[in-house]
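Shown below: structure.cif, with mmCIF, C-alpha atoms.
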```cif
data_entry
loop_
_atom_site.group_PDB
_atom_site.id
_atom_site.type_symbol
_atom_site.label_atom_id
_atom_site.label_comp_id
_atom_site.auth_asym_id
_atom_site.auth_seq_id
_atom_site.Cartn_x
_atom_site.Cartn_y
_atom_site.Cartn_z
ATOM 1 C CA MET A 1 0.000 0.000 0.000
ATOM 2 C CA SER A 2 1.144 3.510 -0.711
ATOM 3 C CA PRO A 3 1.905 5.204 2.645
ATOM 4 C CA SER A 4 0.732 8.568 1.298
ATOM 5 C CA THR A 5 -2.627 7.466 -0.161
ATOM 6 C CA GLY A 6 -3.399 4.171 1.589
ATOM 7 C CA ARG A 7 -4.353 2.616 -1.736
ATOM 8 C CA PRO A 8 -2.622 -0.292 -3.523
ATOM 9 C CA VAL A 9 0.433 0.462 -5.629
ATOM 10 C CA VAL A 10 -0.406 -0.436 -9.237
ATOM 11 C CA VAL A 11 2.460 -0.730 -11.702
ATOM 12 C CA ALA A 12 1.608 -0.980 -15.404
ATOM 13 C CA VAL A 13 3.893 -3.065 -17.634
ATOM 14 C CA VAL A 14 3.914 -2.635 -21.415
ATOM 15 C CA VAL A 15 6.020 -4.831 -23.699
ATOM 16 C CA SER A 16 6.976 -3.162 -26.976
ATOM 17 C CA PHE A 17 8.474 -4.391 -30.237
ATOM 18 C CA ASN A 18 8.490 -2.377 -33.475
ATOM 19 C CA ARG A 19 4.954 -0.969 -33.230
ATOM 20 C CA ARG A 20 5.766 2.665 -32.595
ATOM 21 C CA ASP A 21 2.393 4.151 -33.559
ATOM 22 C CA LEU A 22 0.389 1.612 -31.561
ATOM 23 C CA LEU A 23 2.735 2.074 -28.616
ATOM 24 C CA ARG A 24 2.033 5.801 -28.698
ATOM 25 C CA GLU A 25 -1.725 5.119 -28.507
ATOM 26 C CA ALA A 26 -1.272 2.726 -25.632
ATOM 27 C CA LEU A 27 0.885 5.157 -23.642
ATOM 28 C CA VAL A 28 -1.514 8.056 -24.223
ATOM 29 C CA ALA A 29 -4.405 5.867 -23.068
ATOM 30 C CA LEU A 30 -2.511 4.850 -19.939
ATOM 31 C CA GLY A 31 -1.923 8.485 -19.157
ATOM 32 C CA ALA A 32 -5.641 9.208 -19.531
ATOM 33 C CA GLN A 33 -6.851 6.641 -16.976
ATOM 34 C CA THR A 34 -9.374 7.929 -14.450
ATOM 35 C CA ARG A 35 -7.346 6.006 -11.891
ATOM 36 C CA PRO A 36 -3.800 6.195 -13.288
ATOM 37 C CA PRO A 37 -1.210 3.553 -12.441
ATOM 38 C CA ASP A 38 1.333 4.587 -9.829
ATOM 39 C CA ALA A 39 4.275 3.659 -12.047
ATOM 40 C CA LEU A 40 4.866 2.518 -15.614
ATOM 41 C CA VAL A 41 7.466 0.020 -16.815
ATOM 42 C CA VAL A 42 8.071 -0.303 -20.564
ATOM 43 C CA ILE A 43 10.181 -3.191 -21.829
ATOM 44 C CA ASP A 44 11.428 -2.463 -25.325
ATOM 45 C CA ASN A 45 12.418 -5.749 -26.966
ATOM 46 C CA GLY A 46 15.112 -4.426 -29.277
ATOM 47 C CA SER A 47 12.869 -2.266 -31.474
ATOM 48 C CA THR A 48 14.456 -0.700 -34.563
ATOM 49 C CA ASP A 49 11.632 1.743 -35.371
ATOM 50 C CA GLY A 50 12.301 4.365 -32.733
ATOM 51 C CA SER A 51 9.868 2.992 -30.148
ATOM 52 C CA PRO A 52 12.104 3.952 -27.192
ATOM 53 C CA ASN A 53 12.003 7.577 -28.341
ATOM 54 C CA VAL A 54 8.196 7.433 -28.310
ATOM 55 C CA VAL A 55 8.338 6.326 -24.683
ATOM 56 C CA ARG A 56 10.676 9.195 -23.787
ATOM 57 C CA GLU A 57 8.388 11.662 -25.559
ATOM 58 C CA VAL A 58 4.945 10.474 -24.444
ATOM 59 C CA ALA A 59 5.758 9.004 -21.012
ATOM 60 C CA PRO A 60 9.027 10.569 -19.824
ATOM 61 C CA HIS A 61 8.320 9.332 -16.300
ATOM 62 C CA ALA A 62 8.269 5.694 -17.432
ATOM 63 C CA ASP A 63 10.868 3.198 -16.300
ATOM 64 C CA LEU A 64 12.152 2.277 -19.771
ATOM 65 C CA VAL A 65 14.177 -0.920 -20.124
ATOM 66 C CA GLU A 66 15.841 -1.471 -23.489
ATOM 67 C CA THR A 67 16.857 -5.105 -23.864
ATOM 68 C CA GLY A 68 18.719 -4.613 -27.148
ATOM 69 C CA VAL A 69 17.387 -7.963 -28.372
ATOM 70 C CA ASN A 70 13.984 -9.508 -28.922
ATOM 71 C CA THR A 71 13.320 -11.664 -25.872
ATOM 72 C CA GLY A 72 9.770 -12.410 -27.075
ATOM 73 C CA GLY A 73 6.573 -11.428 -25.386
ATOM 74 C CA ALA A 74 7.232 -14.001 -22.658
ATOM 75 C CA GLY A 75 10.689 -12.603 -21.948
ATOM 76 C CA GLY A 76 9.424 -9.039 -21.969
ATOM 77 C CA PHE A 77 6.666 -9.756 -19.479
ATOM 78 C CA ALA A 78 9.041 -11.717 -17.232
ATOM 79 C CA LEU A 79 11.441 -8.766 -17.166
ATOM 80 C CA GLY A 80 8.654 -6.225 -16.714
ATOM 81 C CA MET A 81 6.892 -8.056 -13.898
ATOM 82 C CA GLU A 82 10.165 -8.630 -12.099
ATOM 83 C CA ARG A 83 10.965 -4.929 -12.298
ATOM 84 C CA ALA A 84 7.479 -3.923 -11.170
ATOM 85 C CA VAL A 85 7.650 -6.178 -8.131
ATOM 86 C CA GLN A 86 11.270 -5.640 -7.129
ATOM 87 C CA ALA A 87 12.099 -2.071 -8.165
ATOM 88 C CA HIS A 88 8.667 -0.482 -7.690
ATOM 89 C CA ASP A 89 7.320 -2.611 -4.821
ATOM 90 C CA ALA A 90 4.013 -3.176 -6.619
ATOM 91 C CA ASP A 91 0.932 -4.511 -4.898
ATOM 92 C CA LEU A 92 -0.713 -5.133 -8.277
ATOM 93 C CA VAL A 93 0.873 -5.479 -11.724
ATOM 94 C CA TRP A 94 -1.150 -4.473 -14.798
ATOM 95 C CA VAL A 95 0.270 -6.040 -17.974
ATOM 96 C CA MET A 96 -0.470 -5.456 -21.653
ATOM 97 C CA ASP A 97 1.077 -5.533 -25.123
ATOM 98 C CA ASP A 98 1.835 -2.411 -27.120
ATOM 99 C CA ASP A 99 -1.207 -3.009 -29.336
ATOM 100 C CA THR A 100 -3.583 -2.796 -26.366
ATOM 101 C CA VAL A 101 -5.380 0.521 -25.876
ATOM 102 C CA PRO A 102 -7.288 0.707 -22.582
ATOM 103 C CA GLU A 103 -10.462 2.743 -22.271
ATOM 104 C CA PRO A 104 -10.260 5.534 -19.642
ATOM 105 C CA THR A 105 -11.915 3.505 -16.864
ATOM 106 C CA ALA A 106 -10.137 0.210 -17.614
ATOM 107 C CA LEU A 107 -7.933 0.212 -14.512
ATOM 108 C CA ALA A 108 -10.637 1.640 -12.250
ATOM 109 C CA GLU A 109 -12.967 -1.204 -13.246
ATOM 110 C CA LEU A 110 -10.278 -3.816 -12.634
ATOM 111 C CA LEU A 111 -9.790 -2.391 -9.163
ATOM 112 C CA ARG A 112 -13.551 -2.524 -8.630
ATOM 113 C CA GLY A 113 -13.269 -6.246 -9.347
ATOM 114 C CA ARG A 114 -10.503 -6.507 -6.779
ATOM 115 C CA ASP A 115 -12.683 -4.771 -4.197
ATOM 116 C CA ALA A 116 -15.477 -7.260 -4.939
ATOM 117 C CA ALA A 117 -13.229 -10.339 -4.773
ATOM 118 C CA PRO A 118 -10.005 -9.445 -2.926
ATOM 119 C CA ASP A 119 -8.860 -13.055 -2.666
ATOM 120 C CA ALA A 120 -8.886 -13.553 -6.456
ATOM 121 C CA ALA A 121 -5.454 -14.014 -8.009
ATOM 122 C CA MET A 122 -5.993 -11.825 -11.076
ATOM 123 C CA PHE A 123 -8.476 -9.554 -12.826
ATOM 124 C CA ALA A 124 -8.965 -9.520 -16.603
ATOM 125 C CA SER A 125 -10.364 -6.820 -18.859
ATOM 126 C CA ARG A 126 -12.797 -7.418 -21.718
ATOM 127 C CA PRO A 127 -10.858 -7.071 -24.991
ATOM 128 C CA VAL A 128 -12.667 -5.828 -28.082
ATOM 129 C CA TRP A 129 -11.472 -5.245 -31.619
ATOM 130 C CA THR A 130 -11.333 -1.876 -33.342
ATOM 131 C CA ASP A 131 -15.021 -2.094 -34.329
ATOM 132 C CA GLY A 132 -16.196 -2.941 -30.818
ATOM 133 C CA ARG A 133 -16.802 -6.643 -31.374
ATOM 134 C CA PRO A 134 -15.436 -9.071 -28.733
ATOM 135 C CA HIS A 135 -11.936 -10.234 -29.648
ATOM 136 C CA PRO A 136 -12.013 -14.052 -29.903
ATOM 137 C CA MET A 137 -8.248 -14.327 -29.455
ATOM 138 C CA ASN A 138 -8.456 -13.157 -25.850
ATOM 139 C CA VAL A 139 -11.576 -14.732 -24.374
ATOM 140 C CA PRO A 140 -10.799 -15.741 -20.751
ATOM 141 C CA ARG A 141 -11.609 -19.329 -19.800
ATOM 142 C CA HIS A 142 -14.435 -19.331 -17.289
ATOM 143 C CA ARG A 143 -14.236 -21.318 -14.071
ATOM 144 C CA PRO A 144 -17.338 -23.542 -14.244
ATOM 145 C CA HIS A 145 -19.558 -23.550 -11.144
ATOM 146 C CA TRP A 146 -16.880 -21.708 -9.140
ATOM 147 C CA ALA A 147 -19.159 -18.825 -8.177
ATOM 148 C CA ARG A 148 -21.576 -21.112 -6.359
ATOM 149 C CA SER A 149 -18.941 -23.343 -4.747
ATOM 150 C CA ARG A 150 -16.971 -20.384 -3.377
ATOM 151 C CA GLY A 151 -19.932 -18.265 -2.390
ATOM 152 C CA LEU A 152 -19.274 -15.673 -5.075
ATOM 153 C CA GLY A 153 -22.897 -15.184 -5.999
ATOM 154 C CA GLN A 154 -22.806 -11.557 -4.905
ATOM 155 C CA LEU A 155 -20.278 -10.445 -7.497
ATOM 156 C CA PRO A 156 -21.267 -7.241 -9.320
ATOM 157 C CA ALA A 157 -23.338 -7.827 -12.428
ATOM 158 C CA GLY A 158 -21.326 -9.272 -15.289
ATOM 159 C CA MET A 159 -18.257 -10.279 -13.288
ATOM 160 C CA VAL A 160 -17.532 -13.999 -13.507
ATOM 161 C CA PRO A 161 -14.780 -16.274 -12.171
ATOM 162 C CA ILE A 162 -12.163 -17.362 -14.714
ATOM 163 C CA ARG A 163 -9.419 -19.984 -14.801
ATOM 164 C CA THR A 164 -6.999 -18.426 -17.299
ATOM 165 C CA ALA A 165 -6.587 -15.169 -19.204
ATOM 166 C CA SER A 166 -4.336 -13.498 -21.757
ATOM 167 C CA PHE A 167 -1.784 -10.738 -21.235
ATOM 168 C CA VAL A 168 -4.101 -8.335 -23.059
ATOM 169 C CA SER A 169 -4.828 -6.249 -19.946
ATOM 170 C CA LEU A 170 -4.440 -8.462 -16.906
ATOM 171 C CA LEU A 171 -4.109 -7.162 -13.332
ATOM 172 C CA VAL A 172 -2.186 -9.643 -11.165
ATOM 173 C CA ARG A 173 -1.590 -9.661 -7.434
ATOM 174 C CA ALA A 174 2.105 -9.112 -6.778
ATOM 175 C CA ASP A 175 2.113 -11.461 -3.799
ATOM 176 C CA ARG A 176 1.053 -14.275 -6.148
ATOM 177 C CA ILE A 177 3.910 -13.409 -8.512
ATOM 178 C CA ARG A 178 6.386 -13.459 -5.619
ATOM 179 C CA GLN A 179 5.017 -16.788 -4.429
ATOM 180 C CA ARG A 180 4.519 -18.623 -7.726
ATOM 181 C CA GLY A 181 7.051 -17.053 -10.060
ATOM 182 C CA LEU A 182 7.365 -15.034 -13.233
ATOM 183 C CA PRO A 183 6.275 -16.000 -16.757
ATOM 184 C CA VAL A 184 8.567 -18.600 -18.329
ATOM 185 C CA ALA A 185 10.695 -16.415 -20.604
ATOM 186 C CA SER A 186 11.836 -19.204 -22.925
ATOM 187 C CA TYR A 187 8.280 -19.675 -24.215
ATOM 188 C CA PHE A 188 9.125 -16.612 -26.368
ATOM 189 C CA ILE A 189 5.583 -16.337 -27.804
ATOM 190 C CA TRP A 190 2.333 -18.285 -27.415
ATOM 191 C CA ASN A 191 0.932 -20.005 -24.349
ATOM 192 C CA ASP A 192 3.122 -18.013 -21.958
ATOM 193 C CA ASP A 193 0.062 -16.153 -20.683
ATOM 194 C CA PHE A 194 -1.979 -19.362 -20.495
ATOM 195 C CA GLU A 195 0.667 -21.116 -18.385
ATOM 196 C CA PHE A 196 1.308 -18.083 -16.196
ATOM 197 C CA SER A 197 -2.338 -17.217 -15.509
ATOM 198 C CA ALA A 198 -3.224 -20.860 -14.864
ATOM 199 C CA ARG A 199 -0.348 -21.034 -12.380
ATOM 200 C CA MET A 200 -1.459 -17.841 -10.639
ATOM 201 C CA ALA A 201 -5.056 -19.072 -10.335
ATOM 202 C CA ARG A 202 -4.470 -22.759 -9.519
ATOM 203 C CA GLY A 203 -6.407 -23.584 -6.378
ATOM 204 C CA GLY A 204 -8.211 -20.271 -6.675
ATOM 205 C CA TYR A 205 -9.696 -18.142 -9.410
ATOM 206 C CA GLY A 206 -9.504 -14.938 -11.391
ATOM 207 C CA ILE A 207 -12.241 -12.456 -12.197
ATOM 208 C CA LEU A 208 -13.384 -11.189 -15.585
ATOM 209 C CA CYS A 209 -14.328 -7.516 -15.249
ATOM 210 C CA PRO A 210 -16.437 -6.827 -18.364
ATOM 211 C CA ASP A 211 -16.725 -3.093 -17.706
ATOM 212 C CA SER A 212 -12.952 -2.825 -17.971
ATOM 213 C CA VAL A 213 -12.649 -2.506 -21.744
ATOM 214 C CA VAL A 214 -9.499 -2.474 -23.865
ATOM 215 C CA VAL A 215 -9.146 -2.319 -27.641
ATOM 216 C CA HIS A 216 -6.820 -5.017 -28.935
ATOM 217 C CA LYS A 217 -5.611 -3.566 -32.238
ATOM 218 C CA THR A 218 -4.592 -6.689 -34.111
ATOM 219 C CA LYS A 219 -4.509 -6.516 -37.910
ATOM 220 C CA ALA A 220 -7.492 -8.844 -38.195
ATOM 221 C CA LEU A 221 -10.301 -10.094 -35.978
ATOM 222 C CA ALA A 222 -9.198 -13.688 -35.573
ATOM 223 C CA SER A 223 -9.142 -16.400 -32.936
ATOM 224 C CA SER A 224 -6.262 -18.581 -31.810
ATOM 225 C CA ASP A 225 -7.465 -21.216 -34.304
ATOM 226 C CA LEU A 226 -6.221 -19.062 -37.173
ATOM 227 C CA ASP A 227 -3.550 -20.804 -39.261
ATOM 228 C CA PRO A 228 -0.334 -19.857 -37.410
ATOM 229 C CA GLY A 229 2.095 -20.859 -40.178
ATOM 230 C CA GLU A 230 5.672 -21.083 -38.930
ATOM 231 C CA ARG A 231 4.581 -20.087 -35.427
ATOM 232 C CA PHE A 232 2.896 -23.453 -34.989
ATOM 233 C CA PHE A 233 6.279 -24.646 -33.689
ATOM 234 C CA TYR A 234 5.824 -22.450 -30.606
ATOM 235 C CA GLU A 235 2.253 -23.651 -30.097
ATOM 236 C CA VAL A 236 3.388 -27.290 -30.085
ATOM 237 C CA ARG A 237 6.572 -26.855 -28.053
ATOM 238 C CA ASN A 238 5.039 -24.575 -25.461
ATOM 239 C CA LYS A 239 1.901 -26.656 -24.950
ATOM 240 C CA LEU A 240 4.102 -29.715 -24.362
ATOM 241 C CA TRP A 241 6.221 -27.709 -21.930
ATOM 242 C CA THR A 242 3.055 -26.697 -20.108
ATOM 243 C CA PHE A 243 1.631 -30.202 -19.910
ATOM 244 C CA ARG A 244 4.928 -31.895 -18.985
ATOM 245 C CA PHE A 245 6.798 -29.466 -16.759
ATOM 246 C CA SER A 246 4.450 -26.819 -15.349
ATOM 247 C CA ARG A 247 2.526 -27.065 -12.096
ATOM 248 C CA CYS A 248 -0.202 -24.780 -13.423
ATOM 249 C CA LEU A 249 -2.846 -27.500 -13.934
ATOM 250 C CA ALA A 250 -4.278 -30.136 -11.654
ATOM 251 C CA PRO A 251 -4.099 -33.705 -13.062
ATOM 252 C CA GLY A 252 -7.752 -33.773 -14.130
ATOM 253 C CA GLU A 253 -7.458 -30.352 -15.725
ATOM 254 C CA ARG A 254 -4.371 -31.432 -17.614
ATOM 255 C CA LEU A 255 -6.271 -34.262 -19.303
ATOM 256 C CA LEU A 256 -9.103 -31.925 -20.298
ATOM 257 C CA TYR A 257 -6.723 -29.336 -21.724
ATOM 258 C CA ILE A 258 -4.734 -31.982 -23.622
ATOM 259 C CA ALA A 259 -7.943 -33.193 -25.260
ATOM 260 C CA ALA A 260 -8.978 -29.622 -26.100
ATOM 261 C CA THR A 261 -5.543 -28.885 -27.550
ATOM 262 C CA LEU A 262 -5.610 -31.937 -29.810
ATOM 263 C CA ARG A 263 -9.046 -30.936 -31.108
ATOM 264 C CA ARG A 264 -7.821 -27.395 -31.793
ATOM 265 C CA TRP A 265 -4.713 -28.665 -33.600
ATOM 266 C CA LEU A 266 -6.931 -30.859 -35.772
ATOM 267 C CA ARG A 267 -9.103 -27.858 -36.679
ATOM 268 C CA THR A 268 -5.983 -25.854 -37.477
ATOM 269 C CA PHE A 269 -4.721 -28.551 -39.861
ATOM 270 C CA LEU A 270 -8.094 -28.927 -41.553
ATOM 271 C CA ARG A 271 -8.375 -25.181 -42.165
ATOM 272 C CA SER A 272 -4.771 -24.620 -43.217
ATOM 273 C CA GLU A 273 -3.861 -23.743 -46.790
ATOM 274 C CA ASP A 274 -0.269 -24.948 -46.263
ATOM 275 C CA ARG A 275 -0.254 -28.056 -44.094
ATOM 276 C CA GLY A 276 3.369 -28.747 -44.922
ATOM 277 C CA VAL A 277 4.398 -25.771 -42.790
ATOM 278 C CA LEU A 278 2.306 -27.079 -39.907
ATOM 279 C CA TRP A 279 3.784 -30.553 -40.208
ATOM 280 C CA ARG A 280 7.280 -29.086 -40.027
ATOM 281 C CA GLY A 281 6.279 -27.141 -36.926
ATOM 282 C CA LEU A 282 4.827 -30.284 -35.360
ATOM 283 C CA ARG A 283 7.913 -32.397 -36.145
ATOM 284 C CA ALA A 284 10.236 -29.760 -34.691
ATOM 285 C CA GLY A 285 7.984 -28.794 -31.796
ATOM 286 C CA VAL A 286 7.472 -32.275 -30.345
ATOM 287 C CA PRO A 287 11.136 -33.105 -29.603
ATOM 288 C CA ALA A 288 11.752 -29.552 -28.404
ATOM 289 C CA GLY A 289 8.761 -29.812 -26.078
ATOM 290 C CA LEU A 290 10.087 -33.001 -24.517
ATOM 291 C CA ARG A 291 13.132 -31.141 -23.177
ATOM 292 C CA ARG A 292 12.697 -28.999 -20.078
ATOM 293 C CA PRO A 293 12.620 -25.254 -20.828
ATOM 294 C CA PRO A 294 15.653 -23.335 -19.540
ATOM 295 C CA ALA A 295 15.249 -21.227 -16.421
ATOM 296 C CA ASN A 296 14.780 -17.513 -16.928
ATOM 297 C CA ASP A 297 18.263 -16.541 -15.788
ATOM 298 C CA ALA A 298 19.851 -18.986 -18.243
ATOM 299 C CA TYR A 299 17.592 -17.815 -21.060
ATOM 300 C CA PHE A 300 18.411 -14.152 -20.556
ATOM 301 C CA ARG A 301 22.103 -14.854 -20.054
ATOM 302 C CA LYS A 302 22.229 -16.658 -23.394
ATOM 303 C CA LEU A 303 20.638 -13.626 -25.074
ATOM 304 C CA GLY A 304 23.043 -11.235 -23.373
ATOM 305 C CA VAL A 305 20.282 -9.663 -21.278
ATOM 306 C CA ARG A 306 20.723 -9.125 -17.561
ATOM 307 C CA GLU A 307 19.543 -11.975 -15.361
ATOM 308 C CA ALA A 308 15.947 -12.153 -14.204
ATOM 309 C CA GLY A 309 14.371 -14.235 -11.486
ATOM 310 C CA THR A 310 13.409 -17.791 -12.235
ATOM 311 C CA ALA A 311 9.827 -18.759 -12.917
ATOM 312 C CA ALA A 312 8.230 -21.474 -10.836
#
```
Kindly transcribe the structure held in the file into structure tokens.
Amino acid sequence: MSPSTGRPVVVAVVVSFNRRDLLREALVALGAQTRPPDALVVIDNGSTDGSPNVVREVAPHADLVETGVNTGGAGGFALGMERAVQAHDADLVWVMDDDTVPEPTALAELLRGRDAAPDAAMFASRPVWTDGRPHPMNVPRHRPHWARSRGLGQLPAGMVPIRTASFVSLLVRADRIRQRGLPVASYFIWNDDFEFSARMARGGYGILCPDSVVVHKTKALASSDLDPGERFFYEVRNKLWTFRFSRCLAPGERLLYIAATLRRWLRTFLRSEDRGVLWRGLRAGVPAGLRRPPANDAYFRKLGVREAGTAA
């Protein structure tokens, strides 16, 4: 808690990579919050388009970390959360990509969710696309029947318990991060937010706060079933890492998620216009996923980035 205000210290974390114009929108929107964050950490993942200069111009107060190399979204969020917790003594960490533009009351509504369910591990915004439609890529996974079993029937209208969420505007309790660890940086992209949020909420729950709205400015309105092309390697490797080495899922949950993943992979293959690329990703991803992912400090050391704490 802030000794001067008595309210929780909220540190926003934005991960940026070569999207200067979108980053500018995101930073302006953060500055226009009705309840502004108490500090802002921006992790620039080796951008070559002048993104760090945008940070210095639009948010000169920000704690800007320039990695000099692309550590991936997973690496950026691991570095940013570590800095928020250790350097800024955050009570709550609010994470988002540089293509996420929060509406003015986004943080205030997340904090309203925290007031309603203070023992929840995390609080997710409702992402929409540029035309206002719900963004299918970022739909949080609901926690079935959890409201009744945990006596959460009195949640404000629209708020529902969730099991996992994406990094597109997620408010996480810092004590959970300290206890259960950072995102696994070596995931690079894909499934890092699934594994992390599932780990934060295991044995508990998160809350979807639908009145906390953010615009996720992807190029197209598409779900995670969209043909990933070469990136299918990361989907395969990282899902195997999650199922084999992470403690984020209970045994029964793991079986359900494995079955759901296999169904989704089948749909991806059936819809793909270039299945050869997917087969190559599958053949490379399976053996890679059978080897334990390196710890965060080893991953960053290999990239020449300063060491970060190890994820659980």
Check your understanding: Written as an MDAnalysis selection string, what is the full residue list that the PyMOL selection byres ((chain A and resi 107-110) around 7) yields on the file shown?
Key -> chainID A and resid 33:35 105:106 111:114 123 125 209 211:212
Give me, as an mmCIF file with C-alpha atoms, keeping the file's coordinate frame, all polymer residues having an atom no more than 8 Å from A:Val55, counting only C-alpha atoms and skipping those fewer than 3 positions away in the same chain.
```
data_model
loop_
_atom_site.group_PDB
_atom_site.id
_atom_site.type_symbol
_atom_site.label_atom_id
_atom_site.label_comp_id
_atom_site.auth_asym_id
_atom_site.auth_seq_id
_atom_site.Cartn_x
_atom_site.Cartn_y
_atom_site.Cartn_z
ATOM 1 C CA ARG A 24 2.033 5.801 -28.698
ATOM 2 C CA LEU A 27 0.885 5.157 -23.642
ATOM 3 C CA VAL A 42 8.071 -0.303 -20.564
ATOM 4 C CA SER A 51 9.868 2.992 -30.148
ATOM 5 C CA PRO A 52 12.104 3.952 -27.192
ATOM 6 C CA VAL A 58 4.945 10.474 -24.444
ATOM 7 C CA ALA A 59 5.758 9.004 -21.012
ATOM 8 C CA PRO A 60 9.027 10.569 -19.824
ATOM 9 C CA ALA A 62 8.269 5.694 -17.432
ATOM 10 C CA LEU A 64 12.152 2.277 -19.771
#
```
Running the PyMOL selection byres ((chain A and resi 225-234) around 9) on this model by hand, what would come out? Give it as a compact mmCIF listing (two decimals) with C-alpha atoms, in the coordinates of the input.
```
# COMPACT_ATOMS: atom_id res chain seq x y z
CA MET A 137 -8.25 -14.33 -29.46
CA TYR A 187 8.28 -19.68 -24.22
CA PHE A 188 9.12 -16.61 -26.37
CA ILE A 189 5.58 -16.34 -27.80
CA TRP A 190 2.33 -18.28 -27.42
CA ASN A 191 0.93 -20.00 -24.35
CA ALA A 222 -9.20 -13.69 -35.57
CA SER A 223 -9.14 -16.40 -32.94
CA SER A 224 -6.26 -18.58 -31.81
CA GLU A 235 2.25 -23.65 -30.10
CA VAL A 236 3.39 -27.29 -30.08
CA ARG A 237 6.57 -26.86 -28.05
CA ASN A 238 5.04 -24.58 -25.46
CA LYS A 239 1.90 -26.66 -24.95
CA ARG A 264 -7.82 -27.40 -31.79
CA TRP A 265 -4.71 -28.66 -33.60
CA ARG A 267 -9.10 -27.86 -36.68
CA THR A 268 -5.98 -25.85 -37.48
CA PHE A 269 -4.72 -28.55 -39.86
CA ARG A 271 -8.38 -25.18 -42.16
CA SER A 272 -4.77 -24.62 -43.22
CA GLU A 273 -3.86 -23.74 -46.79
CA ASP A 274 -0.27 -24.95 -46.26
CA ARG A 275 -0.25 -28.06 -44.09
CA VAL A 277 4.40 -25.77 -42.79
CA LEU A 278 2.31 -27.08 -39.91
CA TRP A 279 3.78 -30.55 -40.21
CA ARG A 280 7.28 -29.09 -40.03
CA GLY A 281 6.28 -27.14 -36.93
CA LEU A 282 4.83 -30.28 -35.36
CA ARG A 283 7.91 -32.40 -36.15
CA ALA A 284 10.24 -29.76 -34.69
CA GLY A 285 7.98 -28.79 -31.80
CA VAL A 286 7.47 -32.28 -30.34
```
Review point. How far is it from atom CA of A:Ala121 to atom CA of A:Arg176, in Å with one decimal?
Key: 6.8 Å
Practice item. Just the residues within 6 Å of A:Asn45, please, counting only C-alpha atoms, with nothing from its chain fewer than 4 positions along; format it as a VMD selection string. Key: chain A and resid 17 67 69 to 70
Exercise for review: Find the residues near A:Ser16: any atom within 12 Å, counting all atoms listed in the file, skip ones fewer than 4 places away on the same chain, and give them as number ranges by chain.
Suggested key: A: 20-24, 26-27, 41-55, 64-77, 80, 95-100
Check your understanding: the PyMOL selection byres ((chain A and resi 157) around 12) on the file shown: which residues, as a ChimeraX atom specification?
Key -> /A:112-113,116,152-156,158-160,208-211
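Atom CA of A:Ala174 sits 9.8 Å away from atom CA of A:Trp94.
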Exercise for review: Please indicate the distance in Å from atom CA of A:Gly304 to atom CA of A:Ala12, rounded to one decimal place.
Suggested key: 25.1 Å
Review point. Counting all atoms listed in the file, which of A:Val13, A:Ala90, A:Val128, A:Val172 gets nearest to A:Ser197?
Key: A:Val172
Check your understanding: Please, which residues are within 12 Å of (-7.9, -30.2, -15.8) by the file's coordinates, counting all atoms listed in the file, and could they come as a ChimeraX atom specification?
Key -> /A:143-144,163-164,198,202-203,243,247-260
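Using only C-alpha atoms, the shortest contact distance between A:Ser169 and any of A:Ala288, A:Ala84, A:Leu240, A:Val14 is found at A:Val14.
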Practice item. Within 6 Å of (5.6, -15.1, -13.7) (coordinates as in the file), grab all the protein and nucleic acid residues, counting only C-alpha atoms, and write them out as a PyMOL selection string. Key: chain A and resi 78+177+181-183+196+311
